[in-house]
Structures are given as C-alpha cells and as structure tokens.
Amino acid sequence: MTTYTLRKGSPATTRTDVVVVGVARDAKGGLVVCPGGEDVASAYGRKFAPLLASMGFTARSGEVLRIPAGEAVKAATLVLVGLGERDRLSLQEVRRGAGVAARNVANAATVAVALPAGDAAHVGAVANGFMSGGYEYSGYKSGEAASAPTEVILLSEVARRQDAAAAMTRARVLAELTDHVRDWVNTPANDFTPSRFADAVEELTTSRKDAGVTLEVLGVRELEELGCGGILGVGLGSANPPRMARLSWRHEAPVASVALVGKGVTYDSGGLTIKPGGSMATMKNDMAGAAAVVAAIHAIATLNLPVAVEAFAPMAENMISGSAMRPGDVIRTHGGKTVEITNTDAEGRLLLADALGMAAETRPDVILEISTLTGPCVVALGDRVAGLFGDDGPVTRMRDAAETAGELVWHLPIPERIEEQVRTESRLADVLQHNWVRWGSASYAAAFLRQFVGDVPFAHLDVAGPAWNNGAAWGDVPRGATGFGVRTLVEYVAALARPAGEDLAQS
Ligand code: BES
Ligand code: MN
Ligand code: ZN
C-alpha cells in the first residue's frame with residue numbers, strides 16, 4: 001500500500017529516494033524545467049540544461065531520464081519526465097507525465113513528485129496520473145509482484161487549499177475504482193464468468209458499504225420473469241448462465257437522476273457467427289463497459305455527489321453449443337420489442353436492449369451507456385479514442401466531461417436513414433439486429449441501441465478501442481485493461497451537480 005500526501009515544500013530539500021521533475025522545450029528548442037521543479041533546476045545552476053542535453057534527453061512527451069542526483073539536491077535519484085512543448089503544456093500532458101513517472105520509480109520507497117500542480121485541477125491530474133500510471137496486473141504471475149513505493153509526496157504551492165485536498169481525494173477514489181475495473185477486465189474469462197463477475201460486484205459493494213450503494217443480482221429465473229430475451233439469448237450457448245447486476249445510489253437531495261448502462265459480455269467468441277482466432281484472443285475485455293458503470297456508481301456514492309444513480313450491468317458469455325442462439329432467430333426484449341438476429345457476434349446490442357429498456361423505465365434525466373460494442377468504431381477512430389453517439393445535450397456534456405477527465409472521445413453521428421433501416425428492414429420482427437453492410441456499422445449499432453431508450457435523453461460511448469491497450473503502457477495508461485470511461489462518467493455526473501458556471505475541473 002502506498003500512502004499519498006499533498007504538501008507544500010521544495011523538491012530540492014525534500015528527503016526522498018526519488019524526486020520527479022517535469023522538463024519541457026521552449027520556443028527555441030531549449031530545455032526548461034516545468035513549474036514545481038524550479039528549485040531543482042536552480043540547485044544545478046547553469047549546468048542543468050546542458051547536463052540533460054548531454055544525456056540525449058529531448059523532453060519529448062513520454063520520455064524519461066533517471067540520474068543520480070549528486071550533491072545538488074537532497075533526494076538520491078532525479079527522475080526527469082518530458083512534457084513536450086512548454087507553450088502547449090496542457091493539463092492532460094501533466095497527467096500523462098505523472099503516469100510515466102510512476103512507472104519509472106522502481107525500487108524507490110519514497111518519492112517526491114514536483115510536477116506542475118499550481119491549482120486544484122493540476123493537483124488532481126498529477127495525483128490521479130501517478131496513481132493510475134503505476135498499475136500493473138500480476139494476478140497470475142508466480143513470484144513477487146513489483147514493489148510500489150510506500151510513500152509518495154505530491155508537492156504543490158496550493159497544498160493547503162481545500163479545493164486541492166478535495167481534488168486529491170477525488171483522484172484517489174477514481175484511481176482505486178479504476179483499478180478494480182482493470183483487475184476485472186484483465187482476469188481471464190475462465191475465472192470471470194457472469195456469476196463470478198456478479199460475485200466480484202457484490203464483494204466490492206460489501207467492502208465499500210459505507211458509501212451506501214445497494215445491489216441486486218438477477219439470475220436466470222428473474223431475467224425470464226422480466227422478459228429479458230436479449231440477455232438470455234446471448235447466454236444460451238454458454239454453460240455459464242447470465243446475470244444482471246442492478247446498483248442504486250441516491251443522495252439525500254439529488255439535483256438530477258442518471259442511469260448508467262454497461263455491456264458485460266464476459267467472453268465474446270462471436271457465437272455461431274464465430275470470430276476468427278486472432279480477434280478472439282482479447283475478448284475477455286468485452287465486459288469493460290459493465291465494469292466501468294459499477295466503478296462509476298461507487299465513485300459517485302463515495303464522493304457523495306448530489307444525484308440519484310441507477311446502474312445496470314447485464315452479464316452473459318457469448319459461446320457456441322447445441323443450445324446457442326442462431327442467425328435467423330427472433331428474440332423478444334424486456335420492453336416487448338422483437339429483434340431478428342442476423343449475426344450472433346453483434347451480441348452486445350441484444351443484452352443492452354434489455355438493460356436500456358429497464359433503465360428507461362426508471363425515467364431518469366439521462367441514460368449514459370458504455371460498451372465495447374464494435375470493431376468498426378476502432379477502424380474509424382483508432383484504439384485510443386472512444387466513439388460518442390446520442391442526443392445533443394448528453395453528447396455535449398459527455399465531450400466536456402471527457403476533456404476534463406483526460407480521456408479521448410469523438411462524436412459520431414446516428415443518421416436518420418440508418419435508424420430507419422433498423423426499424424424497417426426486418427421482415428420478421430420489429431427491428432433488425434444487423435444488416436451486414438460494412439460501412440457505418442458503429443452508427444448502425446448506436447441507432448439500434450437508441451430504439452430501446454424511448455424518449456429519455458441518451459449518450460452511448462463505444463469503447464471497443466480504448467478499453468484495452470494492446471501495446472506498451474503510455475502516459476497514465478497501462479497495458480491490457482485501461483479502465484477507460486470511469487473518470488468521464490464520474491466527471492459527467494459531477495458537472496451536473498455543479499452550479500452552472502462554476503468550473504472546478506479537478507480530476
Ligand atoms: N465485442 C465485439 C466488439 C469489439 C471488437 C470489442 C474489437 C473490442 C475489440 C462485438 O461484440 C462485435 O463482435 N462486434 C462486431 C460488430 C459488427 C457485427 C458490426 C465486430 O466487431 O465485428
Ligand atoms: Mn461480438
Ligand atoms: Zn462483443
């Protein structure tokens with residue numbers, strides 16, 4: 001366990017194993033120390049920039065240099081983190097730099113972080129970036145896990161301000177819950193069936209019961225009673241039956257009500273419309289949306305945000321067997337709408353149809369849905385950017401929330417014509433699940449989801465790309481499960497709860 005403290009102090013005289021400082025390039029390409037690290041640079045005097053340059057350090061973002069600190073400062077080792085162009089130094093650059101730093105303090109017991117932290121927003125970004133960037137999943141590795149520092153001191157001029165302390169708390173809560181999402185998503189599907197997922201949600205809810213979130217887990221019988229033919233249909237081919245977790249939390253004086261819905265496919269083989277082997281390998285990540293909404297409602301409750309939240313996490317495993325759903329079948333969803341199945345690999349929208357219908361029945365002010373829904377969205381935006389679809393109000397708020405939270409999203413359309421195709425192109429059923437047109441199929445999926453929210457304002461995040469990082473860790477994003485979406489969802493709700501015009505961006 002690492003303890004984090006926020007303190008005012010000079011990085012040159014703080015006695016820790018490591019001190020972290022940011023370095024950027026000025027307009028002429030020269031190396032300059034970033035705010036917070038000035039005392040370290042002046043301790044070195046005029047040698048500072050030439051020393052770094054002589055070691056080949058160019059302050060590119062993501063670059064890091066570890067050097068023995070020598071006599072100049074009290075810490076033993078200096079960790080320099082590149083933050084790119086000084087004139088373009090953004091909050092998110094600082095967050096990412098903090099993440100890079102966290103992965104480069106191996107073996108240090110105590111660390112002082114002197115990255116730019118001059119206001120509450122920066123304190124939050126440094127804290128959350130550092131906490132989040134050091135994550136590594138080692139659930140199945142024998143031997144000892146890499147050791148994390150025992151004490152991390154975040155140095156900030158504004159350490160004594162109440163808003164800075166609040167930003168720190170919020171960073172901590174978000175990092176903790178995001179790490180649960182990562183652990184769950186990284187757990188192989190053989191150990192994370194729908195019932196195990198539901199158990200994990202129950203354990204989390206019990207261990208955080210002070211926050212006051214209530215949980216109900218629905219099994220097959222209850223899902224049958226509720227007419228959830230989508231969730232049940234997806235689960236038909238699996239020996240591991242579906243579940244649905246419903247969580248709620250209500251502030252004593254809520255200013256808004258929000259329903260969160262997330263896709264919880266614990267493994268997606270594609271079903272009879274089977275995936276090619278290569279695409280199947282990481283399909284344990286197909287429950288990242290459900291994990292994110294569970295984490296988000298817990299964070300919202302822990303932070304006591306003045307809202308009422310209901311979270312819906314439908315869980316099923318998409319497998320193949322003699323009892324599996326077939327292309328050509330028709331299922332009936334919770335609200336009564338029938339769906340003609342054409343592709344068993346477009347399973348997410350089926351279990352979401354039930355969950356969105358149930359969410360809409362609670363008459364919330366808005367439904368926010370998050371799912372690893374379509375490969376085509378990854379084709380469109382790459383694997384670091386989520387697709388954002390839906391009604392204007394929620395889309396604008398979601399975009400602002402993502403920006404503040406430091407997650408990348410891009411608005412994509414739900415064209416009227418595609419929505420019409422969903423509604424009219426099945427000869428058998430009310431709606432057509434999938435039309436086998438390759439173009440715009442992330443929009444088709446979004447248009448399909450929209451059929452189940454009725455008149456409730458709605459936003460959908462397609463996180464098929466950013467929920468999982470196939471490459472090396474970058475910024476505050478580890479390899480494997482990223483926990484994408486938790487911060488954005490919580491920020492969305494936090495912004496609803498803030499009086500208009502008050503900008504307290506702080507996570
Ligand atoms: N779970 C997949 C989407 C996915 C792809 C998630 C890549 C993460 C990484 C989803 O169920 C699926 O199979 N979608 C289809 C969509 C198609 C039928 C429009 C796909 O990606 O081919
Ligand atoms: Mn699929
Ligand atoms: Zn899927």
# chains A, B, ... in the order shown; residues from 1 in each chain; ligands from 1
>>> residues_near_ligand(ligand="ligand 2", cutoff="6 Å", atoms="only C-alpha atoms and all ligand atoms", output="list in words")
Asp268, Gly270, Asp345, Ala346 and Glu347 of chain A
>>> residues_around(residues="A:Lys28", least_positions_apart="4", cutoff="12 Å", atoms="only C-alpha atoms", output="ChimeraX atom specification")
/A:24,32,85-87
>>> select_by_dssp(residues="stretch 168-255 of chain A", states="alpha helix (DSSP H)", output="PyMOL selection string")
chain A and resi 168-186+194-207+220-225+229-235
>>> residues_near_ligand(ligand="ligand 1", cutoff="9 Å", atoms="only C-alpha atoms and all ligand atoms", output="MDAnalysis selection string")
chainID A and resid 265 267:270 275 279:280 282:283 285:287 318 343:349 371:378 383 434:438 440:442 444:445 462:468
>>> write_last_selection(atoms="N, CA and C atoms", output="tab-separated table (two decimals), in the first residue's frame")
chain	number	residue	atom	x	y	z
A	265	VAL	N	-20.24	-8.59	-21.42
A	265	VAL	CA	-20.04	-9.90	-22.05
A	265	VAL	C	-18.68	-10.43	-21.55
A	267	TYR	N	-17.10	-13.12	-22.10
A	267	TYR	CA	-16.26	-13.59	-23.20
A	267	TYR	C	-17.08	-13.57	-24.47
A	268	ASP	N	-16.48	-13.07	-25.55
A	268	ASP	CA	-17.19	-12.98	-26.83
A	268	ASP	C	-16.48	-13.81	-27.89
A	269	SER	N	-16.96	-15.05	-28.06
A	269	SER	CA	-16.39	-15.90	-29.12
A	269	SER	C	-17.02	-15.55	-30.47
A	270	GLY	N	-18.08	-14.75	-30.43
A	270	GLY	CA	-18.86	-14.46	-31.63
A	270	GLY	C	-20.10	-15.34	-31.71
A	275	LYS	N	-15.92	-15.67	-34.43
A	275	LYS	CA	-14.82	-14.75	-34.76
A	275	LYS	C	-13.63	-15.54	-35.29
A	279	SER	N	-9.03	-12.47	-33.53
A	279	SER	CA	-9.89	-11.45	-32.91
A	279	SER	C	-10.47	-11.92	-31.59
A	280	MET	N	-10.33	-13.22	-31.33
A	280	MET	CA	-10.95	-13.76	-30.12
A	280	MET	C	-10.06	-13.61	-28.89
A	282	THR	N	-8.46	-11.43	-27.18
A	282	THR	CA	-8.63	-10.48	-26.08
A	282	THR	C	-10.09	-10.26	-25.70
A	283	MET	N	-10.96	-11.17	-26.12
A	283	MET	CA	-12.39	-10.92	-25.91
A	283	MET	C	-12.89	-11.09	-24.47
A	285	ASN	N	-12.16	-8.89	-22.63
A	285	ASN	CA	-12.34	-7.47	-22.28
A	285	ASN	C	-13.74	-6.95	-22.60
A	286	ASP	N	-14.61	-7.83	-23.06
A	286	ASP	CA	-15.91	-7.39	-23.56
A	286	ASP	C	-16.91	-7.03	-22.45
A	287	MET	N	-16.42	-7.07	-21.20
A	287	MET	CA	-17.26	-6.65	-20.07
A	287	MET	C	-16.76	-5.34	-19.46
A	318	ASN	N	-20.84	-15.16	-24.50
A	318	ASN	CA	-21.28	-15.46	-25.87
A	318	ASN	C	-20.48	-16.64	-26.41
A	343	ASN	N	-26.66	-11.90	-36.86
A	343	ASN	CA	-25.24	-12.07	-36.60
A	343	ASN	C	-25.05	-12.25	-35.10
A	344	THR	N	-24.71	-13.45	-34.68
A	344	THR	CA	-24.61	-13.68	-33.23
A	344	THR	C	-23.40	-12.97	-32.62
A	345	ASP	N	-22.53	-12.43	-33.48
A	345	ASP	CA	-21.39	-11.67	-32.96
A	345	ASP	C	-21.76	-10.21	-32.67
A	346	ALA	N	-22.94	-9.80	-33.08
A	346	ALA	CA	-23.42	-8.46	-32.69
A	346	ALA	C	-24.28	-8.64	-31.44
A	347	GLU	N	-23.69	-9.28	-30.42
A	347	GLU	CA	-24.45	-9.69	-29.23
A	347	GLU	C	-24.64	-8.57	-28.23
A	348	GLY	N	-23.68	-7.63	-28.21
A	348	GLY	CA	-23.73	-6.58	-27.18
A	348	GLY	C	-25.04	-5.83	-27.21
A	349	ARG	N	-25.48	-5.44	-28.40
A	349	ARG	CA	-26.70	-4.64	-28.53
A	349	ARG	C	-27.93	-5.40	-28.02
A	371	SER	N	-19.96	0.69	-23.83
A	371	SER	CA	-19.78	-0.70	-24.25
A	371	SER	C	-18.63	-0.86	-25.24
A	372	THR	N	-17.99	-2.01	-25.18
A	372	THR	CA	-17.02	-2.43	-26.21
A	372	THR	C	-17.85	-2.99	-27.35
A	373	LEU	N	-18.47	-2.08	-28.12
A	373	LEU	CA	-19.57	-2.51	-28.99
A	373	LEU	C	-19.15	-2.96	-30.37
A	374	THR	N	-18.28	-2.19	-31.04
A	374	THR	CA	-17.98	-2.56	-32.44
A	374	THR	C	-16.52	-2.38	-32.83
A	375	GLY	N	-15.98	-3.39	-33.50
A	375	GLY	CA	-14.67	-3.26	-34.14
A	375	GLY	C	-14.65	-2.10	-35.13
A	376	PRO	N	-15.70	-1.92	-35.91
A	376	PRO	CA	-15.72	-0.80	-36.87
A	376	PRO	C	-15.48	0.57	-36.23
A	377	CYS	N	-15.85	0.74	-34.98
A	377	CYS	CA	-15.57	2.02	-34.31
A	377	CYS	C	-14.05	2.20	-34.14
A	378	VAL	N	-13.36	1.09	-33.91
A	378	VAL	CA	-11.90	1.13	-33.78
A	378	VAL	C	-11.27	1.44	-35.15
A	383	ASP	N	-7.39	3.01	-31.72
A	383	ASP	CA	-7.70	2.30	-30.48
A	383	ASP	C	-7.51	3.14	-29.20
A	434	HIS	N	-28.77	-6.43	-37.29
A	434	HIS	CA	-27.53	-6.09	-38.01
A	434	HIS	C	-27.83	-6.29	-39.48
A	435	ASN	N	-27.25	-5.42	-40.35
A	435	ASN	CA	-27.64	-5.52	-41.76
A	435	ASN	C	-26.53	-5.99	-42.70
A	436	TRP	N	-25.42	-6.35	-42.15
A	436	TRP	CA	-24.29	-6.87	-42.94
A	436	TRP	C	-23.73	-5.84	-43.93
A	437	VAL	N	-24.08	-4.58	-43.75
A	437	VAL	CA	-23.42	-3.53	-44.53
A	437	VAL	C	-22.17	-3.15	-43.75
A	438	ARG	N	-21.03	-3.16	-44.42
A	438	ARG	CA	-19.79	-2.92	-43.68
A	438	ARG	C	-19.61	-1.46	-43.29
A	440	GLY	N	-20.23	2.15	-41.83
A	440	GLY	CA	-21.05	2.82	-40.80
A	440	GLY	C	-21.67	1.88	-39.79
A	441	SER	N	-21.04	0.74	-39.53
A	441	SER	CA	-21.75	-0.18	-38.64
A	441	SER	C	-21.63	0.17	-37.16
A	442	ALA	N	-20.73	1.09	-36.82
A	442	ALA	CA	-20.76	1.59	-35.43
A	442	ALA	C	-21.99	2.48	-35.25
A	444	TYR	N	-24.77	2.10	-37.02
A	444	TYR	CA	-25.93	1.19	-37.04
A	444	TYR	C	-26.16	0.65	-35.62
A	445	ALA	N	-25.08	0.24	-34.98
A	445	ALA	CA	-25.19	-0.30	-33.61
A	445	ALA	C	-25.78	0.75	-32.67
A	462	ASP	N	-18.79	4.07	-27.39
A	462	ASP	CA	-18.27	2.81	-27.91
A	462	ASP	C	-16.77	2.76	-27.60
A	463	VAL	N	-16.42	1.92	-26.63
A	463	VAL	CA	-15.04	1.87	-26.14
A	463	VAL	C	-14.30	0.60	-26.58
A	464	ALA	N	-14.73	0.03	-27.72
A	464	ALA	CA	-14.07	-1.19	-28.22
A	464	ALA	C	-12.56	-0.98	-28.36
A	465	GLY	N	-12.15	0.24	-28.72
A	465	GLY	CA	-10.72	0.52	-28.85
A	465	GLY	C	-10.05	0.81	-27.51
A	466	PRO	N	-10.43	1.91	-26.86
A	466	PRO	CA	-9.66	2.38	-25.70
A	466	PRO	C	-9.81	1.57	-24.42
A	467	ALA	N	-10.76	0.63	-24.35
A	467	ALA	CA	-10.89	-0.16	-23.12
A	467	ALA	C	-9.68	-1.07	-22.91
A	468	TRP	N	-8.97	-1.33	-24.00
A	468	TRP	CA	-7.87	-2.30	-23.92
A	468	TRP	C	-6.65	-1.71	-24.63
>>> closest_residue(among="A:Ala497, A:Ile414, A:Ala198, A:Leu351", to="ligand 3", atoms="only C-alpha atoms and all ligand atoms")
A:Leu351
